[in-house]
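Note: the block below is query38.tsv and it holds TSV, C-alpha atoms.
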```tsv
chain	number	residue	atom	x	y	z
A	18	MET	CA	0.70	-54.38	-13.46
A	19	THR	CA	0.43	-57.76	-11.73
A	20	GLN	CA	2.75	-58.57	-8.84
A	21	THR	CA	2.88	-62.28	-9.76
A	22	ILE	CA	6.33	-63.71	-10.30
A	23	TRP	CA	6.47	-64.13	-14.05
A	24	THR	CA	8.57	-67.31	-14.01
A	25	GLU	CA	5.63	-68.99	-12.26
A	26	LYS	CA	2.90	-67.16	-14.15
A	27	TYR	CA	4.33	-68.15	-17.53
A	28	ARG	CA	5.60	-71.62	-16.60
A	29	PRO	CA	4.47	-74.08	-19.33
A	30	GLN	CA	1.82	-76.50	-18.08
A	31	THR	CA	2.20	-79.16	-20.78
A	32	LEU	CA	5.17	-80.79	-22.46
A	33	LYS	CA	4.32	-79.34	-25.87
A	34	ASP	CA	4.54	-75.79	-24.44
A	35	ILE	CA	8.17	-76.20	-23.30
A	36	VAL	CA	10.40	-74.35	-25.76
A	37	GLY	CA	13.94	-75.08	-26.84
A	38	GLN	CA	13.99	-78.75	-25.74
A	39	GLU	CA	11.93	-80.41	-28.45
A	40	ALA	CA	14.01	-83.60	-28.64
A	41	ILE	CA	13.65	-84.22	-24.90
A	42	THR	CA	9.96	-83.35	-24.65
A	43	LYS	CA	9.28	-85.74	-27.52
A	44	ARG	CA	10.80	-88.58	-25.46
A	45	LEU	CA	8.86	-87.55	-22.37
A	46	GLN	CA	5.64	-87.43	-24.38
A	47	ALA	CA	6.32	-91.00	-25.51
A	48	TYR	CA	6.52	-92.06	-21.84
A	49	VAL	CA	3.14	-90.40	-21.25
A	50	ASN	CA	1.58	-92.11	-24.26
A	51	THR	CA	2.78	-95.55	-23.19
A	52	GLN	CA	2.12	-94.92	-19.47
A	53	SER	CA	5.59	-96.28	-18.84
A	54	LEU	CA	8.41	-94.35	-17.20
A	55	PRO	CA	12.00	-95.28	-16.25
A	56	HIS	CA	13.96	-93.55	-13.53
A	57	LEU	CA	15.31	-90.31	-15.00
A	58	ILE	CA	18.21	-87.93	-14.54
A	59	LEU	CA	17.54	-84.48	-16.02
A	60	ALA	CA	20.95	-82.87	-16.48
A	61	GLY	CA	21.75	-79.38	-17.69
A	62	PRO	CA	22.35	-75.75	-16.72
A	63	ALA	CA	19.92	-73.64	-14.71
A	64	GLY	CA	16.76	-72.21	-16.24
A	65	VAL	CA	16.44	-74.55	-19.22
A	66	GLY	CA	13.24	-76.41	-18.25
A	67	LYS	CA	14.24	-79.38	-16.06
A	68	THR	CA	11.79	-78.73	-13.22
A	69	THR	CA	9.09	-77.58	-15.64
A	70	SER	CA	9.48	-80.83	-17.61
A	71	ALA	CA	9.05	-82.94	-14.47
A	72	LEU	CA	5.92	-81.04	-13.41
A	73	ALA	CA	4.39	-81.16	-16.90
A	74	LEU	CA	5.17	-84.89	-17.15
A	75	ALA	CA	3.41	-85.57	-13.86
A	76	LYS	CA	0.36	-83.51	-14.81
A	77	GLU	CA	-0.04	-85.32	-18.12
A	78	LEU	CA	0.53	-88.75	-16.56
A	79	TYR	CA	-1.81	-88.42	-13.58
A	80	LYS	CA	-4.27	-85.69	-14.66
A	81	GLU	CA	-6.31	-84.55	-11.61
A	82	SER	CA	-4.51	-86.87	-9.18
A	83	TRP	CA	-1.01	-85.58	-9.92
A	84	HIS	CA	-0.68	-83.87	-6.53
A	85	GLN	CA	-1.18	-87.17	-4.72
A	86	ASN	CA	1.28	-89.08	-6.90
A	87	PHE	CA	4.03	-86.50	-7.31
A	88	HIS	CA	6.36	-85.47	-4.48
A	89	GLU	CA	8.96	-82.75	-4.98
A	90	LEU	CA	11.98	-82.22	-2.73
A	91	ASN	CA	14.96	-79.91	-3.04
A	92	ALA	CA	18.05	-81.90	-2.14
A	93	SER	CA	20.10	-78.76	-1.45
A	94	ASP	CA	17.90	-78.04	1.60
A	95	GLU	CA	18.69	-81.37	3.25
A	96	ARG	CA	21.78	-82.98	1.82
A	97	GLY	CA	22.37	-85.80	4.29
A	98	ILE	CA	21.33	-89.39	4.62
A	99	GLY	CA	18.43	-88.42	6.91
A	100	ILE	CA	16.29	-87.09	4.05
A	101	ILE	CA	16.63	-90.43	2.22
A	102	ARG	CA	15.76	-92.54	5.26
A	103	GLY	CA	12.97	-90.18	6.27
A	104	LYS	CA	10.85	-88.20	3.80
A	105	ILE	CA	11.83	-90.04	0.62
A	106	LYS	CA	11.52	-93.55	2.01
A	107	ASP	CA	8.19	-92.77	3.69
A	108	PHE	CA	6.68	-91.47	0.45
A	109	ALA	CA	8.21	-94.22	-1.72
A	110	ARG	CA	6.75	-97.05	0.36
A	111	THR	CA	3.13	-95.80	0.17
A	112	ALA	CA	0.91	-97.08	-2.63
A	113	PRO	CA	0.11	-94.83	-5.63
A	114	ILE	CA	-3.41	-93.43	-6.02
A	115	GLN	CA	-5.23	-94.57	-9.18
A	116	ALA	CA	-1.90	-95.20	-10.94
A	117	ASP	CA	0.68	-97.94	-11.40
A	118	PHE	CA	3.46	-95.87	-9.85
A	119	LYS	CA	4.17	-92.50	-8.22
A	120	ILE	CA	7.01	-90.04	-8.88
A	121	ILE	CA	9.57	-88.57	-6.49
A	122	PHE	CA	11.28	-85.53	-7.97
A	123	LEU	CA	14.62	-84.62	-6.39
A	124	ASP	CA	15.69	-81.15	-7.47
A	125	GLU	CA	19.41	-80.29	-7.26
A	126	ALA	CA	20.19	-83.92	-6.52
A	127	ASP	CA	23.88	-83.36	-7.22
A	128	SER	CA	23.97	-81.61	-3.80
A	129	LEU	CA	23.39	-84.94	-2.01
A	130	THR	CA	26.34	-86.36	-0.11
A	131	ASN	CA	27.84	-89.66	-1.24
A	132	ASP	CA	26.34	-91.44	1.79
A	133	ALA	CA	22.92	-90.05	0.93
A	134	GLN	CA	23.29	-91.15	-2.68
A	135	ALA	CA	24.25	-94.65	-1.55
A	136	ALA	CA	21.09	-94.81	0.56
A	137	LEU	CA	19.08	-93.44	-2.36
A	138	ARG	CA	20.40	-96.19	-4.62
A	139	ARG	CA	19.03	-98.81	-2.23
A	140	THR	CA	15.67	-97.03	-2.02
A	141	ILE	CA	15.43	-96.90	-5.82
A	142	GLU	CA	16.09	-100.65	-5.98
A	143	ARG	CA	13.60	-101.55	-3.27
A	144	TYR	CA	10.59	-99.49	-4.37
A	145	SER	CA	10.99	-99.37	-8.15
A	146	LYS	CA	7.74	-101.31	-8.70
A	147	ILE	CA	5.55	-98.56	-7.25
A	148	CYS	CA	7.80	-95.51	-7.46
A	149	ARG	CA	9.87	-93.71	-10.11
A	150	PHE	CA	12.62	-91.26	-9.29
A	151	ILE	CA	13.44	-88.15	-11.33
A	152	LEU	CA	16.70	-86.43	-10.38
A	153	SER	CA	17.39	-82.89	-11.57
A	154	VAL	CA	21.10	-81.99	-11.64
A	155	ASN	CA	23.43	-79.40	-13.07
A	156	TYR	CA	26.28	-81.93	-13.31
A	157	SER	CA	25.40	-85.57	-13.84
A	158	SER	CA	28.99	-86.54	-13.06
A	159	LYS	CA	28.32	-85.73	-9.39
A	160	ILE	CA	25.80	-88.58	-9.22
A	161	ILE	CA	27.36	-91.91	-8.27
A	162	GLU	CA	27.66	-94.50	-11.02
A	163	PRO	CA	25.23	-97.05	-9.49
A	164	ILE	CA	22.42	-94.46	-9.67
A	165	GLN	CA	23.38	-93.30	-13.17
A	166	SER	CA	23.24	-96.87	-14.45
A	167	ARG	CA	19.67	-97.23	-13.13
A	168	CYS	CA	18.41	-94.08	-14.81
A	169	ALA	CA	17.88	-92.75	-18.31
A	170	VAL	CA	19.87	-89.52	-18.62
A	171	LEU	CA	18.26	-86.63	-20.52
A	172	ARG	CA	20.70	-83.81	-21.24
A	173	TYR	CA	19.23	-80.33	-21.54
A	174	ARG	CA	20.98	-77.59	-23.48
A	175	PRO	CA	20.78	-73.80	-23.11
A	176	ILE	CA	17.67	-72.35	-24.76
A	177	ASN	CA	18.48	-71.18	-28.29
A	178	GLU	CA	18.07	-67.53	-29.29
A	179	ASN	CA	15.02	-68.00	-31.50
A	180	ALA	CA	13.08	-69.83	-28.80
A	181	LEU	CA	14.04	-67.21	-26.22
A	182	LYS	CA	12.98	-64.33	-28.47
A	183	LYS	CA	9.64	-65.92	-29.34
A	184	TYR	CA	8.75	-66.65	-25.72
A	185	LEU	CA	9.87	-63.24	-24.43
A	186	ARG	CA	7.87	-61.45	-27.13
A	187	THR	CA	4.79	-63.49	-26.12
A	188	ILE	CA	5.21	-62.36	-22.52
A	189	ALA	CA	5.81	-58.75	-23.59
A	190	LYS	CA	2.60	-58.79	-25.64
A	191	GLN	CA	0.52	-60.13	-22.76
A	192	GLU	CA	2.04	-57.62	-20.31
A	193	GLU	CA	1.67	-54.75	-22.80
A	194	LEU	CA	5.39	-54.00	-22.96
A	195	GLU	CA	7.41	-52.58	-25.82
A	196	ILE	CA	10.80	-54.19	-26.37
A	197	THR	CA	13.14	-52.49	-28.83
A	198	PRO	CA	15.10	-54.76	-31.22
A	199	GLU	CA	18.28	-53.85	-29.33
A	200	GLY	CA	16.47	-54.59	-26.07
A	201	ILE	CA	15.56	-58.15	-27.09
A	202	ASP	CA	19.16	-58.77	-28.20
A	203	THR	CA	20.38	-57.48	-24.84
A	204	LEU	CA	18.01	-59.82	-23.01
A	205	ILE	CA	19.40	-62.75	-25.01
A	206	TYR	CA	22.96	-61.69	-24.13
A	207	LEU	CA	22.18	-61.33	-20.43
A	208	ALA	CA	20.27	-64.62	-20.22
A	209	ALA	CA	22.91	-66.75	-21.98
A	210	GLY	CA	20.38	-69.53	-22.62
A	211	ASP	CA	18.69	-69.28	-19.19
A	212	MET	CA	14.96	-68.73	-19.70
A	213	ARG	CA	14.30	-68.07	-16.03
A	214	LYS	CA	16.95	-65.37	-15.89
A	215	ALA	CA	15.59	-63.77	-19.07
A	216	ILE	CA	12.05	-63.61	-17.69
A	217	ASN	CA	13.18	-62.29	-14.31
A	218	THR	CA	15.33	-59.62	-15.96
A	219	LEU	CA	12.40	-58.58	-18.15
A	220	GLN	CA	10.06	-58.33	-15.15
A	221	VAL	CA	12.49	-56.20	-13.12
A	222	ALA	CA	12.96	-53.82	-16.05
A	223	ALA	CA	9.21	-53.66	-16.68
A	224	THR	CA	8.58	-52.40	-13.14
A	225	ILE	CA	10.66	-49.31	-14.03
A	226	ASN	CA	9.50	-48.61	-17.57
A	227	PRO	CA	7.18	-50.43	-20.02
A	228	THR	CA	9.61	-49.61	-22.84
A	229	ILE	CA	12.48	-52.08	-22.59
A	230	THR	CA	15.81	-50.70	-23.84
A	231	PRO	CA	19.39	-51.99	-23.49
A	232	GLN	CA	20.34	-49.22	-21.06
A	233	LEU	CA	17.39	-50.04	-18.81
A	234	LEU	CA	18.26	-53.75	-18.83
A	235	TYR	CA	21.92	-53.18	-17.97
A	236	GLU	CA	21.00	-50.84	-15.13
A	237	THR	CA	18.34	-53.05	-13.57
A	238	SER	CA	20.40	-56.24	-13.92
A	239	ALA	CA	23.58	-54.64	-12.52
A	240	THR	CA	25.53	-55.70	-15.61
A	241	ALA	CA	28.12	-53.62	-17.43
A	242	ARG	CA	27.71	-53.03	-21.14
A	243	PRO	CA	29.98	-55.28	-23.24
A	244	GLN	CA	31.47	-52.19	-24.89
A	245	ASP	CA	32.58	-50.86	-21.50
A	246	ILE	CA	34.35	-54.14	-20.71
A	247	LYS	CA	36.00	-54.10	-24.14
A	248	THR	CA	37.23	-50.55	-23.56
A	249	LEU	CA	38.65	-51.59	-20.19
A	250	LEU	CA	40.58	-54.49	-21.72
A	251	LEU	CA	41.80	-52.59	-24.76
A	252	ASP	CA	43.14	-49.77	-22.58
A	253	ALA	CA	45.15	-52.32	-20.60
A	254	LEU	CA	46.28	-54.22	-23.69
A	255	ASN	CA	47.46	-50.93	-25.20
A	256	GLY	CA	49.69	-50.39	-22.17
A	257	ASP	CA	47.64	-47.59	-20.55
A	258	TYR	CA	47.26	-49.06	-17.07
A	259	THR	CA	46.14	-45.81	-15.41
A	260	LYS	CA	43.27	-45.33	-17.85
A	261	ALA	CA	42.24	-48.98	-17.51
A	262	ARG	CA	42.26	-48.77	-13.71
A	263	THR	CA	40.11	-45.63	-13.80
A	264	LYS	CA	37.64	-47.41	-16.08
A	265	LEU	CA	37.60	-50.43	-13.74
A	266	TYR	CA	36.55	-48.39	-10.72
A	267	GLU	CA	34.04	-46.47	-12.80
A	268	LEU	CA	32.38	-49.80	-13.62
A	269	LEU	CA	32.52	-51.01	-10.03
A	270	ILE	CA	30.89	-47.82	-8.74
A	271	THR	CA	28.36	-47.34	-11.57
A	272	TYR	CA	27.05	-50.89	-11.74
A	273	GLY	CA	27.94	-52.20	-8.27
A	274	LEU	CA	29.60	-55.27	-9.74
A	275	SER	CA	31.58	-57.79	-7.74
A	276	GLY	CA	35.01	-59.05	-8.77
A	277	THR	CA	33.52	-62.31	-10.00
A	278	ASP	CA	30.97	-60.41	-12.10
A	279	ILE	CA	33.75	-58.46	-13.82
A	280	ILE	CA	35.76	-61.63	-14.49
A	281	THR	CA	32.69	-63.38	-15.94
A	282	GLN	CA	32.05	-60.50	-18.32
A	283	ILE	CA	35.72	-60.31	-19.31
A	284	HIS	CA	35.53	-63.98	-20.27
A	285	LYS	CA	32.38	-63.32	-22.34
A	286	VAL	CA	33.84	-60.47	-24.41
A	287	ALA	CA	37.44	-61.73	-24.72
A	288	TYR	CA	36.73	-63.61	-27.94
A	289	ASP	CA	35.27	-60.52	-29.61
A	290	LEU	CA	38.28	-58.26	-29.05
A	291	PRO	CA	40.12	-57.01	-32.18
A	292	ILE	CA	43.42	-58.56	-31.10
A	293	PRO	CA	45.49	-61.51	-32.40
A	294	ASP	CA	44.43	-64.98	-31.30
A	295	GLN	CA	47.68	-65.44	-29.37
A	296	HIS	CA	46.81	-62.43	-27.22
A	297	LYS	CA	43.31	-63.80	-26.64
A	298	LEU	CA	44.81	-67.06	-25.38
A	299	MET	CA	47.04	-65.20	-22.95
A	300	LEU	CA	44.11	-63.06	-21.78
A	301	ILE	CA	41.98	-66.15	-21.12
A	302	GLN	CA	44.86	-67.79	-19.24
A	303	HIS	CA	45.36	-64.80	-16.93
A	304	THR	CA	41.58	-64.40	-16.51
A	305	GLY	CA	41.32	-68.01	-15.33
A	306	GLU	CA	44.13	-67.51	-12.81
A	307	THR	CA	42.41	-64.40	-11.44
A	308	GLU	CA	39.06	-66.18	-11.18
A	309	PHE	CA	40.70	-69.01	-9.22
A	310	ARG	CA	42.25	-66.57	-6.77
A	311	LEU	CA	38.90	-64.85	-6.25
A	312	THR	CA	37.16	-68.14	-5.47
A	313	GLU	CA	39.91	-68.85	-2.93
A	314	GLY	CA	39.06	-65.60	-1.13
A	315	ALA	CA	41.60	-63.11	-2.50
A	316	ASN	CA	40.84	-59.37	-2.48
A	317	PRO	CA	38.88	-58.71	-5.72
A	318	HIS	CA	40.13	-55.14	-6.25
A	319	ILE	CA	43.77	-56.16	-5.91
A	320	GLN	CA	43.32	-59.16	-8.20
A	321	LEU	CA	41.52	-57.16	-10.89
A	322	GLU	CA	44.19	-54.46	-10.78
A	323	ALA	CA	46.83	-57.19	-11.01
A	324	LEU	CA	45.10	-58.60	-14.10
A	325	LEU	CA	45.08	-55.19	-15.78
A	326	ALA	CA	48.72	-54.66	-14.79
A	327	THR	CA	49.66	-58.01	-16.32
A	328	LEU	CA	48.00	-57.07	-19.61
A	329	ALA	CA	49.74	-53.67	-19.63
A	330	ILE	CA	53.13	-55.27	-18.91
A	331	MET	CA	52.59	-57.68	-21.82
A	332	LYS	CA	52.18	-54.69	-24.13
A	333	ASN	CA	55.15	-52.78	-22.69
A	334	ASN	CA	57.44	-55.82	-22.85
A	335	LYS	CA	56.50	-56.47	-26.48
```

Kindly transcribe the structure held in the file into structure tokens.
Amino acid sequence: MTQTIWTEKYRPQTLKDIVGQEAITKRLQAYVNTQSLPHLILAGPAGVGKTTSALALAKELYKESWHQNFHELNASDERGIGIIRGKIKDFARTAPIQADFKIIFLDEADSLTNDAQAALRRTIERYSKICRFILSVNYSSKIIEPIQSRCAVLRYRPINENALKKYLRTIAKQEELEITPEGIDTLIYLAAGDMRKAINTLQVAATINPTITPQLLYETSATARPQDIKTLLLDALNGDYTKARTKLYELLITYGLSGTDIITQIHKVAYDLPIPDQHKLMLIQHTGETEFRLTEGANPHIQLEALLATLAIMKNNK
């Protein structure tokens, strides 16, 4: 079995090969056809094709000379004003090679400081005749308004289930893997619209066994089964705190989950619990409070036990 990272091996090379973002790739293809490109902000969650779109766009625009006319930087590596005045400005001021303009691709641009963004705005203004900027962000609201107004914003959405299934089955066929129907559904659940996460999870599981089953995926991804999380919550909601606490530590030991992992999965399954909507609202409220405390540095075991205790007290009081 190849040791190549599958997210790179199976990265689409053309715009038409990008799945799940047909409306956006259609617009990008129009830019290629007209050889005209505005400054762009690619906004959306991780693993949905933002970087792949930028690379495919450059390859189709410049053909063999795309390496000379496309410069990629990760803004999270250097967040300050120095990267704008240094690397970006130096590349922006040089003339394009056999093209009307070059492209600077700033990945994770929402990590730039406000001072760096202010300097970037001036650079965009000054060199817009020979350079186009593409900014990839998770949250477009973190980009200052003067930059947003100079760019066309393309909003990516999580990859839909059908597109995920089709692409994962293509990979499985090429790698000679067998994915059970339950296994493909589990991959979709774990990925939550993130193609990169789905492919990475599949590759990790495939190194253990070529037959991909739900149990294998949960074990290799260090994720608890949704049914286990439901049992944990229902025990607490039924007032059996001791049983719920035992289940909690069983999950922590078996899967090696962190407190944040448990909270994230509780939030995922809360809406599927067979309880009244009013109880779901209260569960979500207490889950949010626990998650906030964890991000502030509170002890995860104490906070998770406190959440279970709160749910048990709700039952006992009623």

The residue from A:Thr327, A:Gln85, A:Gln244, A:Thr312 with the smallest atom-to-atom distance to Leu300 of chain A, counting only C-alpha atoms, is A:Thr327

As a VMD selection string, please: the residues near Glu322 of chain A (cut-off 9 Å, only C-alpha atoms, same-chain neighbours under 6 positions excluded). chain A and resid 258 261 to 262 265

Generate the output file for the selected residues, C-alpha atoms, as an mmCIF file, in the frame of the given file.
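Output contents, as saved in result-v6.cif:
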```cif
data_model
loop_
_atom_site.group_PDB
_atom_site.id
_atom_site.type_symbol
_atom_site.label_atom_id
_atom_site.label_comp_id
_atom_site.auth_asym_id
_atom_site.auth_seq_id
_atom_site.Cartn_x
_atom_site.Cartn_y
_atom_site.Cartn_z
ATOM 1 C CA TYR A 258 47.260 -49.060 -17.070
ATOM 2 C CA ALA A 261 42.240 -48.980 -17.510
ATOM 3 C CA ARG A 262 42.260 -48.770 -13.710
ATOM 4 C CA LEU A 265 37.600 -50.430 -13.740
#
```

Considering all atoms listed in the file, return as a PyMOL selection string whatever protein or nucleic-acid residues lie within 12 Å of Tyr266 of chain A, sequence-local ones (same chain, fewer than 4 positions apart) excluded. chain A and resi 241+245-246+249+259-262+270-276+279+317-319+321-322

What separates atom CA of Ile114 of chain A and atom CA of Tyr48 of chain A is a distance of 18.7 Å

Which residue gives the smallest distance to Leu328 of chain A among A:Asp202, A:Asp257, A:Glu178, A:Glu267, with all atoms listed in the file counted? A:Asp257

I need the residue nearest Ala223 of chain A from this list: A:Ile98, A:Leu251, A:Ala189, A:Leu152. Use all atoms listed in the file for the distance.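 Distance minimum relative to Ala223 of chain A lands on A:Ala189.
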
Pick from A:Lys76, A:Lys146, A:Gly64, A:Ile101, whichever lies nearest to Pro113 of chain A using all atoms listed in the file: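 With all atoms listed in the file as the atom set, the closest residue is A:Lys146.
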
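Between Lys119 of chain A and the residues A:Gln52, A:Ser157, A:Thr277, A:Ser70, the shortest atom-to-atom distance, using all atoms listed in the file, involves A:Gln52.
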
If you count all atoms listed in the file, which residues fall within 12 Å of Lys43 of chain A, apart from same-chain ones fewer than 3 positions away, as a compact mmCIF listing (two decimals) with C-alpha atoms, in the coordinates of the input?
```
# COMPACT_ATOMS: atom_id res chain seq x y z
CA THR A 31 2.20 -79.16 -20.78
CA LEU A 32 5.17 -80.79 -22.46
CA LYS A 33 4.32 -79.34 -25.87
CA ASP A 34 4.54 -75.79 -24.44
CA ILE A 35 8.17 -76.20 -23.30
CA VAL A 36 10.40 -74.35 -25.76
CA GLY A 37 13.94 -75.08 -26.84
CA GLN A 38 13.99 -78.75 -25.74
CA GLU A 39 11.93 -80.41 -28.45
CA ALA A 40 14.01 -83.60 -28.64
CA GLN A 46 5.64 -87.43 -24.38
CA ALA A 47 6.32 -91.00 -25.51
CA TYR A 48 6.52 -92.06 -21.84
CA VAL A 49 3.14 -90.40 -21.25
CA ASN A 50 1.58 -92.11 -24.26
CA SER A 70 9.48 -80.83 -17.61
CA LEU A 74 5.17 -84.89 -17.15
CA LEU A 171 18.26 -86.63 -20.52
```

Given the choices A:Ile105, A:Thr237, A:Gly200, A:Ala209, which gets closest to Val221 of chain A if the distance is worked out from all atoms listed in the file? A:Thr237

Selection near Thr68 of chain A, 9 Å with only C-alpha atoms, sequence-local residues under 6 positions removed, as an NGL selection string: :A and (59 or 122 or 124 or 153)

Keeping only C-alpha atoms, take the residues you just selected and write them out as a PDB file, in the frame of the given file.
```pdb
ATOM      1  CA  LEU A  59      17.540 -84.480 -16.020  1.00  0.00           C
ATOM      2  CA  PHE A 122      11.280 -85.530  -7.970  1.00  0.00           C
ATOM      3  CA  ASP A 124      15.690 -81.150  -7.470  1.00  0.00           C
ATOM      4  CA  SER A 153      17.390 -82.890 -11.570  1.00  0.00           C
TER       5      SER A 153
END
```

Give me, please, the distance in Å between atom CA of Phe118 of chain A and atom CA of Cys148 of chain A, quoted to one decimal.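 Separating atom CA of Phe118 of chain A from atom CA of Cys148 of chain A is a distance of 5.0 Å.
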
Interatomic distance, atom CA of Thr24 of chain A to atom CA of Thr69 of chain A (Å, one decimal): 10.4 Å

Local residues around (41.7, -65.8, -12.8), at most 12 Å away, using only C-alpha atoms, as a PyMOL selection string: chain A and resi 276-277+279-281+283-284+299-315+317+320-325+327

Which residues, written as a PyMOL selection string, have at least one atom at most 10 Å from Leu57 of chain A, with only C-alpha atoms counted and residues fewer than 2 positions away on the same chain left out? chain A and resi 54-55+59-60+71+122+149-153+164-165+167-171

Starting from the incomplete input, reconstruct N, CA, C and O atoms of segment 66-78 of chain A and report them as a short mmCIF file (atom, residue, chain, number, x, y, z; two decimals), keeping the file's coordinate frame.
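Contents of out13.cif, as written:
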```
data_model
loop_
_atom_site.label_atom_id
_atom_site.label_comp_id
_atom_site.auth_asym_id
_atom_site.auth_seq_id
_atom_site.Cartn_x
_atom_site.Cartn_y
_atom_site.Cartn_z
N GLY A 66 14.49 -75.66 -18.18
CA GLY A 66 13.24 -76.41 -18.25
C GLY A 66 13.23 -77.76 -17.56
O GLY A 66 12.30 -78.54 -17.77
N LYS A 67 14.19 -78.06 -16.70
CA LYS A 67 14.24 -79.38 -16.06
C LYS A 67 13.06 -79.57 -15.09
O LYS A 67 12.33 -80.55 -15.17
N THR A 68 12.89 -78.63 -14.18
CA THR A 68 11.79 -78.73 -13.22
C THR A 68 10.45 -78.64 -13.92
O THR A 68 9.50 -79.39 -13.61
N THR A 69 10.33 -77.73 -14.88
CA THR A 69 9.09 -77.58 -15.64
C THR A 69 8.73 -78.88 -16.36
O THR A 69 7.56 -79.28 -16.40
N SER A 70 9.73 -79.56 -16.91
CA SER A 70 9.48 -80.83 -17.61
C SER A 70 8.93 -81.88 -16.65
O SER A 70 7.98 -82.61 -16.99
N ALA A 71 9.50 -81.95 -15.45
CA ALA A 71 9.05 -82.94 -14.47
C ALA A 71 7.61 -82.66 -14.05
O ALA A 71 6.79 -83.58 -13.95
N LEU A 72 7.28 -81.39 -13.81
CA LEU A 72 5.92 -81.04 -13.41
C LEU A 72 4.92 -81.32 -14.54
O LEU A 72 3.84 -81.88 -14.30
N ALA A 73 5.29 -80.92 -15.77
CA ALA A 73 4.39 -81.16 -16.90
C ALA A 73 4.19 -82.66 -17.14
O ALA A 73 3.08 -83.11 -17.46
N LEU A 74 5.26 -83.43 -16.98
CA LEU A 74 5.17 -84.89 -17.15
C LEU A 74 4.19 -85.48 -16.14
O LEU A 74 3.33 -86.30 -16.50
N ALA A 75 4.30 -85.05 -14.89
CA ALA A 75 3.41 -85.57 -13.86
C ALA A 75 1.96 -85.19 -14.13
O ALA A 75 1.04 -86.01 -13.97
N LYS A 76 1.72 -83.96 -14.54
CA LYS A 76 0.36 -83.51 -14.81
C LYS A 76 -0.28 -84.28 -15.97
O LYS A 76 -1.48 -84.58 -15.94
N GLU A 77 0.52 -84.59 -16.98
CA GLU A 77 -0.04 -85.32 -18.12
C GLU A 77 -0.21 -86.81 -17.80
O GLU A 77 -1.10 -87.47 -18.34
N LEU A 78 0.65 -87.34 -16.93
CA LEU A 78 0.53 -88.75 -16.56
C LEU A 78 -0.67 -89.00 -15.65
O LEU A 78 -1.43 -89.95 -15.84
#
```
